[in-house]
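Enquirer: Below are the structure tokens for one structure; questions will follow.
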Amino acid sequence: MLGLITRFFFTPSTIKPKLPPGQTVRVGLISAALINPPAIIYPAQFFPEVEIIAVAARDKDKAVEYAKTWGIKEEKAYGGYQALLDDGDVDAVFIGLPNGLHAEWAVKALRAGKHVLCEKPCTSNSIEAREIQRTLNSLPPTPRSPVFLEAFHYRFHPATVYFRNLLTSGTCGKLLNTYVSMSIPAGGLDPKNIRYNFDLGGGALMDLTYVVSITRYMVLGAGAGKPKEIVSANAKKLPSDERIDTRMEAELIFDIDDGQGRTGEVRSRIVADIERGRLFGLIPRVWEQALFVAECEKATVTYNNFIAPYMSHSIVIKPKEGKCRTENIYSFDATNKAPLLTTYGHQLDAFVKKIQGREEDIPADWIPIEDTVAQMEVIDAIYEKAGMEVRNGTLYQEILRRGDAAEASNKSEE
């Protein structure tokens, strides 16, 4: 707790004045959602090259009120998402809509020439993900071509990068098994929450999609890697709508070949639960809310609170021989004296550098569109293994109306 207080109140101030007009990335918010402040509004304060200049909501009055709250000019408050995309002053958008709407507006934003930072999961299924990929591939390759990023913010934090390097360095030996758990305590969500709405892309695996993301990343790295087999998938279903999983548990098998002589299989167990029972019916199991464990030949390595490591986390290395040690990594600066950035801050930093063509300055692995497609293919496969229906977002419904779902399902790049 003392460390948390110190990091938040005794790090140097990094809120900086904005650069002159024409030198900033001007961002529009597609939604007036609660995710906006932590995900983009507050992080933007740390970067002089980022401005939040517009917001769109379904209701004009809501957009205006939101704009007043966050210092956005009233004339840049739009009652409709397309109106924001038509604003030539907007360079990039953050999409914080319900899951089922993500892909539709991501594609429309890309076609409007906007850079896109889209909340996870950025699509409802793999067909929608491949439609985003097709859209990106259809755009003329220029230095100003739109950048697309699915907002798996934890990937950009130095603790995550450090943990991944531990697994690939060979220090702990060959990776054998992994386990990941994420949960929301029972009673933590309103029954009307969008996580319980199938048409909006609800479900435990969709909401806590990080469990698939971090497993794929830690086992195979960034890119299009997928398990060779979904061994099992078992869902606890919402009684009022059995298309919704309130808990999903699955076992996956990966083939690995790290190019350093370490080959074989990795077995991975994932658990996503949005109604996790409380200990003794009272105590939320906070220790399970974001836990990743990697069993290697020489040690077991645990990453506690991988989803919000900027608040507090621990990386515990327990060798099979020798003393256990705990690491805490809060900065890419080895002295840990640099100003605190949240996972969202590190993500925004990477997003802006990518837009500026400064990929070499991004200290974490970028998330390419191929990664997004593979992510949704795995989620689809888990739902199918569990005997459940794959989610159908608004873009998927449009693809069906056009009659080219088969074409959208084609995995080959154009």
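The chains in the structure tokens are called A, B, ... from first to last as shown; in each chain the residues are counted from 1, and the ligands are counted from 1 in the order shown.
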Do you have, as CSV, the list of residues of segment 354-398 of chain A lying at most 10 Å from segment 199-202 of chain A, each with its nearest atom pair and that distance in Å to one decimal, counting only C-alpha atoms and ordered by chain then number?

Expert:
residue,atom,partner,partner_atom,distance
A:Val390,CA,A:Gly201,CA,9.2
A:Arg391,CA,A:Gly201,CA,5.8
A:Asn392,CA,A:Asp199,CA,6.7
A:Gly393,CA,A:Gly201,CA,6.6
A:Thr394,CA,A:Asp199,CA,8.5

Enquirer: Running DSSP on the backbone, which parts of segment 71-192 of chain A land in helix (DSSP H, G or I), as a short mmCIF file (atom, residue, chain, number, x, y, z; two decimals) with N, CA, C and O atoms, in the first residue's frame?

Expert:
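File written: out01.cif
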data_model
loop_
_atom_site.label_atom_id
_atom_site.label_comp_id
_atom_site.auth_asym_id
_atom_site.auth_seq_id
_atom_site.Cartn_x
_atom_site.Cartn_y
_atom_site.Cartn_z
N GLU A 74 -18.11 22.57 -27.39
CA GLU A 74 -19.47 22.09 -27.63
C GLU A 74 -19.71 21.79 -29.11
O GLU A 74 -20.46 20.86 -29.44
N GLU A 75 -19.09 22.56 -29.99
CA GLU A 75 -19.32 22.31 -31.42
C GLU A 75 -18.70 20.99 -31.89
O GLU A 75 -18.96 20.52 -33.00
N LYS A 76 -17.87 20.38 -31.02
CA LYS A 76 -17.27 19.09 -31.35
C LYS A 76 -17.97 17.95 -30.61
O LYS A 76 -17.41 16.86 -30.49
N TYR A 81 -22.32 8.84 -34.38
CA TYR A 81 -20.91 8.49 -34.56
C TYR A 81 -20.38 8.89 -35.94
O TYR A 81 -19.23 9.29 -36.09
N GLN A 82 -21.22 8.79 -36.97
CA GLN A 82 -20.76 9.12 -38.31
C GLN A 82 -20.39 10.59 -38.41
O GLN A 82 -19.46 10.96 -39.13
N ALA A 83 -21.11 11.45 -37.71
CA ALA A 83 -20.81 12.88 -37.74
C ALA A 83 -19.39 13.15 -37.25
O ALA A 83 -18.69 14.02 -37.78
N LEU A 84 -18.96 12.41 -36.25
CA LEU A 84 -17.58 12.58 -35.77
C LEU A 84 -16.59 12.11 -36.83
O LEU A 84 -15.55 12.76 -37.06
N LEU A 85 -16.88 11.00 -37.49
CA LEU A 85 -15.98 10.51 -38.54
C LEU A 85 -15.90 11.48 -39.71
O LEU A 85 -14.88 11.53 -40.41
N ASN A 99 -19.25 -4.28 -27.11
CA ASN A 99 -18.48 -5.17 -27.99
C ASN A 99 -19.12 -5.39 -29.35
O ASN A 99 -18.44 -5.41 -30.38
N GLY A 100 -20.42 -5.54 -29.38
CA GLY A 100 -21.10 -5.87 -30.63
C GLY A 100 -21.06 -4.77 -31.67
O GLY A 100 -21.35 -5.02 -32.84
N LEU A 101 -20.68 -3.55 -31.27
CA LEU A 101 -20.61 -2.42 -32.20
C LEU A 101 -19.17 -2.08 -32.61
O LEU A 101 -18.97 -1.25 -33.50
N HIS A 102 -18.19 -2.68 -31.96
CA HIS A 102 -16.79 -2.30 -32.20
C HIS A 102 -16.39 -2.41 -33.67
O HIS A 102 -15.85 -1.46 -34.26
N ALA A 103 -16.61 -3.57 -34.25
CA ALA A 103 -16.09 -3.81 -35.59
C ALA A 103 -16.74 -2.90 -36.63
O ALA A 103 -16.06 -2.39 -37.53
N GLU A 104 -18.04 -2.70 -36.54
CA GLU A 104 -18.73 -1.84 -37.50
C GLU A 104 -18.08 -0.46 -37.54
O GLU A 104 -17.77 0.06 -38.63
N TRP A 105 -17.86 0.12 -36.37
CA TRP A 105 -17.35 1.49 -36.35
C TRP A 105 -15.84 1.55 -36.54
O TRP A 105 -15.32 2.57 -37.01
N ALA A 106 -15.16 0.46 -36.27
CA ALA A 106 -13.73 0.40 -36.60
C ALA A 106 -13.53 0.44 -38.11
O ALA A 106 -12.69 1.18 -38.64
N VAL A 107 -14.31 -0.35 -38.83
CA VAL A 107 -14.21 -0.37 -40.30
C VAL A 107 -14.60 0.98 -40.88
O VAL A 107 -13.93 1.52 -41.77
N LYS A 108 -15.68 1.57 -40.38
CA LYS A 108 -16.10 2.88 -40.89
C LYS A 108 -15.05 3.95 -40.61
O LYS A 108 -14.80 4.83 -41.45
N ALA A 109 -14.42 3.88 -39.45
CA ALA A 109 -13.37 4.85 -39.11
C ALA A 109 -12.16 4.69 -40.01
O ALA A 109 -11.59 5.68 -40.50
N LEU A 110 -11.75 3.47 -40.26
CA LEU A 110 -10.60 3.22 -41.14
C LEU A 110 -10.90 3.72 -42.55
O LEU A 110 -10.04 4.33 -43.20
N ARG A 111 -12.11 3.47 -43.04
CA ARG A 111 -12.48 3.93 -44.38
C ARG A 111 -12.55 5.45 -44.46
O ARG A 111 -12.38 6.02 -45.54
N SER A 126 -14.53 -13.95 -35.43
CA SER A 126 -13.37 -13.90 -36.32
C SER A 126 -13.71 -13.38 -37.70
O SER A 126 -12.84 -12.81 -38.39
N ILE A 127 -14.96 -13.56 -38.15
CA ILE A 127 -15.34 -13.02 -39.46
C ILE A 127 -15.24 -11.49 -39.44
O ILE A 127 -14.73 -10.87 -40.37
N GLU A 128 -15.71 -10.89 -38.38
CA GLU A 128 -15.58 -9.43 -38.26
C GLU A 128 -14.12 -9.02 -38.20
O GLU A 128 -13.72 -8.00 -38.77
N ALA A 129 -13.29 -9.79 -37.50
CA ALA A 129 -11.87 -9.46 -37.40
C ALA A 129 -11.21 -9.50 -38.77
O ALA A 129 -10.39 -8.63 -39.11
N ARG A 130 -11.56 -10.50 -39.56
CA ARG A 130 -10.97 -10.59 -40.91
C ARG A 130 -11.50 -9.47 -41.81
O ARG A 130 -10.81 -9.05 -42.76
N GLU A 131 -12.70 -8.98 -41.54
CA GLU A 131 -13.21 -7.83 -42.31
C GLU A 131 -12.38 -6.58 -42.01
O GLU A 131 -12.09 -5.78 -42.91
N ILE A 132 -11.99 -6.39 -40.75
CA ILE A 132 -11.10 -5.28 -40.42
C ILE A 132 -9.76 -5.47 -41.13
O ILE A 132 -9.19 -4.53 -41.69
N GLN A 133 -9.27 -6.69 -41.14
CA GLN A 133 -8.00 -6.98 -41.81
C GLN A 133 -8.10 -6.68 -43.30
O GLN A 133 -7.19 -6.08 -43.90
N ARG A 134 -9.20 -7.08 -43.92
CA ARG A 134 -9.40 -6.81 -45.35
C ARG A 134 -9.45 -5.31 -45.62
O ARG A 134 -8.90 -4.82 -46.60
N THR A 135 -10.11 -4.59 -44.72
CA THR A 135 -10.20 -3.14 -44.88
C THR A 135 -8.82 -2.51 -44.82
O THR A 135 -8.47 -1.65 -45.65
N LEU A 136 -8.02 -2.91 -43.84
CA LEU A 136 -6.65 -2.38 -43.72
C LEU A 136 -5.83 -2.71 -44.96
O LEU A 136 -5.10 -1.86 -45.48
N ASN A 137 -5.97 -3.93 -45.43
CA ASN A 137 -5.19 -4.35 -46.61
C ASN A 137 -5.63 -3.64 -47.88
O ASN A 137 -4.85 -3.53 -48.84
N SER A 138 -6.86 -3.15 -47.89
CA SER A 138 -7.37 -2.48 -49.10
C SER A 138 -6.96 -1.02 -49.18
O SER A 138 -7.11 -0.39 -50.23
N HIS A 153 -4.21 -3.27 -23.35
CA HIS A 153 -3.29 -2.31 -22.74
C HIS A 153 -2.22 -2.96 -21.87
O HIS A 153 -1.09 -2.46 -21.79
N TYR A 154 -2.55 -4.09 -21.21
CA TYR A 154 -1.59 -4.73 -20.32
C TYR A 154 -0.30 -5.12 -21.04
O TYR A 154 0.78 -5.20 -20.43
N ARG A 155 -0.42 -5.36 -22.35
CA ARG A 155 0.73 -5.81 -23.15
C ARG A 155 1.85 -4.78 -23.19
O ARG A 155 3.03 -5.12 -23.42
N PHE A 156 1.52 -3.51 -22.97
CA PHE A 156 2.50 -2.44 -23.14
C PHE A 156 3.18 -2.03 -21.84
O PHE A 156 4.07 -1.18 -21.85
N PRO A 158 5.70 -2.27 -18.66
CA PRO A 158 7.04 -2.87 -18.50
C PRO A 158 7.04 -4.17 -17.71
O PRO A 158 7.89 -5.04 -17.96
N ALA A 159 6.10 -4.35 -16.79
CA ALA A 159 6.05 -5.61 -16.04
C ALA A 159 5.70 -6.77 -16.95
O ALA A 159 6.26 -7.87 -16.82
N THR A 160 4.78 -6.55 -17.88
CA THR A 160 4.41 -7.59 -18.84
C THR A 160 5.57 -7.93 -19.76
O THR A 160 5.85 -9.10 -20.03
N VAL A 161 6.26 -6.90 -20.23
CA VAL A 161 7.42 -7.11 -21.09
C VAL A 161 8.49 -7.89 -20.33
O VAL A 161 9.11 -8.83 -20.87
N TYR A 162 8.71 -7.54 -19.08
CA TYR A 162 9.71 -8.23 -18.26
C TYR A 162 9.33 -9.70 -18.08
O TYR A 162 10.19 -10.59 -18.19
N PHE A 163 8.06 -9.95 -17.80
CA PHE A 163 7.60 -11.33 -17.58
C PHE A 163 7.79 -12.17 -18.84
O PHE A 163 8.28 -13.31 -18.77
N ARG A 164 7.41 -11.62 -19.96
CA ARG A 164 7.58 -12.34 -21.23
C ARG A 164 9.05 -12.63 -21.50
O ARG A 164 9.42 -13.73 -21.92
N ASN A 165 9.93 -11.66 -21.21
CA ASN A 165 11.36 -11.87 -21.41
C ASN A 165 11.91 -12.96 -20.49
O ASN A 165 12.83 -13.69 -20.86
N LEU A 166 11.35 -13.06 -19.29
CA LEU A 166 11.75 -14.13 -18.39
C LEU A 166 11.50 -15.49 -19.02
O LEU A 166 12.32 -16.41 -18.93
N LEU A 167 10.34 -15.63 -19.65
CA LEU A 167 9.97 -16.91 -20.24
C LEU A 167 10.78 -17.24 -21.49
O LEU A 167 11.02 -18.42 -21.78
N THR A 168 11.20 -16.23 -22.23
CA THR A 168 11.92 -16.48 -23.48
C THR A 168 13.43 -16.51 -23.31
O THR A 168 14.14 -16.96 -24.21
#

Enquirer: Name the residues in contact with Ile230 of chain A at a cut-off of 7 Å, using only C-alpha atoms, excluding same-chain residues fewer than 5 positions from it; report them as an MDAnalysis selection string.

Expert: chainID A and resid 251:253 382

Enquirer: Can you write out the residues you just picked, keeping all heavy atoms, as an mmCIF file, in the first residue's frame?

Expert:
data_model
loop_
_atom_site.group_PDB
_atom_site.id
_atom_site.type_symbol
_atom_site.label_atom_id
_atom_site.label_comp_id
_atom_site.auth_asym_id
_atom_site.auth_seq_id
_atom_site.Cartn_x
_atom_site.Cartn_y
_atom_site.Cartn_z
ATOM 1 N N GLU A 251 -9.188 -25.786 -21.721
ATOM 2 C CA GLU A 251 -7.810 -26.284 -21.761
ATOM 3 C C GLU A 251 -7.338 -26.284 -23.209
ATOM 4 O O GLU A 251 -8.039 -26.789 -24.099
ATOM 5 C CB GLU A 251 -7.708 -27.686 -21.168
ATOM 6 C CG GLU A 251 -6.268 -28.196 -21.116
ATOM 7 C CD GLU A 251 -6.135 -29.578 -20.495
ATOM 8 O OE1 GLU A 251 -7.180 -30.145 -20.099
ATOM 9 O OE2 GLU A 251 -5.000 -30.084 -20.412
ATOM 10 N N LEU A 252 -6.168 -25.710 -23.434
ATOM 11 C CA LEU A 252 -5.608 -25.572 -24.769
ATOM 12 C C LEU A 252 -4.251 -26.263 -24.828
ATOM 13 O O LEU A 252 -3.551 -26.373 -23.816
ATOM 14 C CB LEU A 252 -5.423 -24.087 -25.121
ATOM 15 C CG LEU A 252 -6.500 -23.094 -24.667
ATOM 16 C CD1 LEU A 252 -6.081 -21.674 -24.997
ATOM 17 C CD2 LEU A 252 -7.832 -23.428 -25.297
ATOM 18 N N ILE A 253 -3.875 -26.705 -26.025
ATOM 19 C CA ILE A 253 -2.539 -27.254 -26.232
ATOM 20 C C ILE A 253 -1.861 -26.477 -27.353
ATOM 21 O O ILE A 253 -2.423 -26.306 -28.441
ATOM 22 C CB ILE A 253 -2.574 -28.751 -26.601
ATOM 23 C CG1 ILE A 253 -3.147 -29.579 -25.445
ATOM 24 C CG2 ILE A 253 -1.168 -29.254 -26.940
ATOM 25 C CD1 ILE A 253 -3.232 -31.064 -25.735
ATOM 26 N N ILE A 382 -13.358 -21.780 -28.849
ATOM 27 C CA ILE A 382 -13.705 -22.149 -27.471
ATOM 28 C C ILE A 382 -15.216 -22.181 -27.302
ATOM 29 O O ILE A 382 -15.769 -23.116 -26.702
ATOM 30 C CB ILE A 382 -13.046 -21.179 -26.474
ATOM 31 C CG1 ILE A 382 -11.525 -21.368 -26.477
ATOM 32 C CG2 ILE A 382 -13.600 -21.395 -25.066
ATOM 33 C CD1 ILE A 382 -10.772 -20.341 -25.659
#

Enquirer: Give me the residues within 7 Å of Ser31 of chain A as JSON, numbers by chain, counting only C-alpha atoms and dropping any in the same chain fewer than 2 places off.

Expert: {"A": [29, 33, 55, 56, 57, 95, 96, 97]}

Enquirer: Using only C-alpha atoms, can you tell me which of A:Val352, A:Ala299, A:Ala235, A:Val316 comes closest to Ala386 of chain A?

Expert: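 Ranking A:Val352, A:Ala299, A:Ala235, A:Val316 by distance to Ala386 of chain A, first place goes to A:Ala235.
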
Enquirer: Go through A:Leu176, A:Val116, A:Val64, A:Ala272 and flag the residue nearest Met218 of chain A, using only C-alpha atoms for the distances.

Expert: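 Going through A:Leu176, A:Val116, A:Val64, A:Ala272 one by one, the smallest distance to Met218 of chain A is for A:Leu176.
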
Enquirer: Could you give me the residues within segment 160-264 of chain A that DSSP places in strand (DSSP E), as a PyMOL selection string?

Expert: chain A and resi 175-185+229-238+241-257+263-264

Enquirer: Contacts of Pro146 of chain A at 7 Å or less, counting only C-alpha atoms, minus same-chain residues fewer than 5 places along, as JSON, numbers by chain?

Expert: {"A": [110, 113, 114, 115]}

Enquirer: I'd like the neighbourhood of Val266 of chain A as a ChimeraX atom specification, where a residue qualifies if any of its atoms comes within 8 Å (using only C-alpha atoms), though same-chain residues fewer than 4 positions away should be ignored.

Expert: /A:175-178,219,253-256

Enquirer: Store the residues of this selection in a file with N, CA, C and O atoms, as an mmCIF file, in the first residue's frame.

Expert:
data_model
loop_
_atom_site.group_PDB
_atom_site.id
_atom_site.type_symbol
_atom_site.label_atom_id
_atom_site.label_comp_id
_atom_site.auth_asym_id
_atom_site.auth_seq_id
_atom_site.Cartn_x
_atom_site.Cartn_y
_atom_site.Cartn_z
ATOM 1 N N LEU A 175 9.167 -23.808 -21.196
ATOM 2 C CA LEU A 175 7.806 -23.625 -20.702
ATOM 3 C C LEU A 175 7.032 -24.930 -20.854
ATOM 4 O O LEU A 175 7.044 -25.564 -21.916
ATOM 5 N N LEU A 176 6.330 -25.325 -19.781
ATOM 6 C CA LEU A 176 5.606 -26.592 -19.783
ATOM 7 C C LEU A 176 4.088 -26.408 -19.736
ATOM 8 O O LEU A 176 3.359 -26.980 -20.535
ATOM 9 N N ASN A 177 3.634 -25.617 -18.775
ATOM 10 C CA ASN A 177 2.198 -25.417 -18.575
ATOM 11 C C ASN A 177 1.930 -23.977 -18.166
ATOM 12 O O ASN A 177 2.796 -23.323 -17.575
ATOM 13 N N THR A 178 0.728 -23.499 -18.467
ATOM 14 C CA THR A 178 0.309 -22.178 -17.989
ATOM 15 C C THR A 178 -1.105 -22.251 -17.434
ATOM 16 O O THR A 178 -1.896 -23.130 -17.792
ATOM 17 N N VAL A 219 2.910 -17.725 -24.435
ATOM 18 C CA VAL A 219 3.354 -19.000 -25.007
ATOM 19 C C VAL A 219 4.024 -18.810 -26.365
ATOM 20 O O VAL A 219 5.080 -19.383 -26.634
ATOM 21 N N ILE A 253 -3.875 -26.705 -26.025
ATOM 22 C CA ILE A 253 -2.539 -27.254 -26.232
ATOM 23 C C ILE A 253 -1.861 -26.477 -27.353
ATOM 24 O O ILE A 253 -2.423 -26.306 -28.441
ATOM 25 N N PHE A 254 -0.646 -26.002 -27.077
ATOM 26 C CA PHE A 254 0.157 -25.280 -28.056
ATOM 27 C C PHE A 254 1.383 -26.095 -28.435
ATOM 28 O O PHE A 254 1.971 -26.779 -27.584
ATOM 29 N N ASP A 255 1.769 -26.012 -29.688
ATOM 30 C CA ASP A 255 3.090 -26.477 -30.112
ATOM 31 C C ASP A 255 4.047 -25.305 -30.018
ATOM 32 O O ASP A 255 3.711 -24.200 -30.465
ATOM 33 N N ILE A 256 5.231 -25.525 -29.459
ATOM 34 C CA ILE A 256 6.199 -24.435 -29.362
ATOM 35 C C ILE A 256 7.516 -24.831 -30.017
ATOM 36 O O ILE A 256 7.925 -25.985 -30.015
#

Enquirer: Nearest to Asp87 of chain A: which of A:Pro43, A:Gly28, A:Pro48, A:Pro38 is it, counting only C-alpha atoms?

Expert: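 Result for the nearest residue to Asp87 of chain A: A:Gly28.
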
Enquirer: Applying 10 Å and only C-alpha atoms, which residues near Glu65 of chain A remain after dropping the ones on its own chain fewer than 6 positions away? List them as a list of chain:residue names.

Expert: A:Ala32, A:Ile72, A:Glu74, A:Ala77

Enquirer: Tell me which of A:His346, A:Arg58, A:Arg276, A:Lys68 sits closest to Ala39 of chain A, counting only C-alpha atoms.

Expert: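 Of all the options, A:His346 lies closest to Ala39 of chain A.
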
Enquirer: Taking only C-alpha atoms into account, which of A:Thr342, A:Gln289, A:Pro21, A:Thr302 comes nearest Arg325 of chain A?

Expert: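 So, comparing all the options, the nearest one is A:Thr302.
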
Enquirer: What is the distance, in Å and to one decimal place, between atom CA of Thr24 of chain A and atom CA of Val50 of chain A?

Expert: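 Going from atom CA of Thr24 of chain A over to atom CA of Val50 of chain A, I get 5.3 Å.
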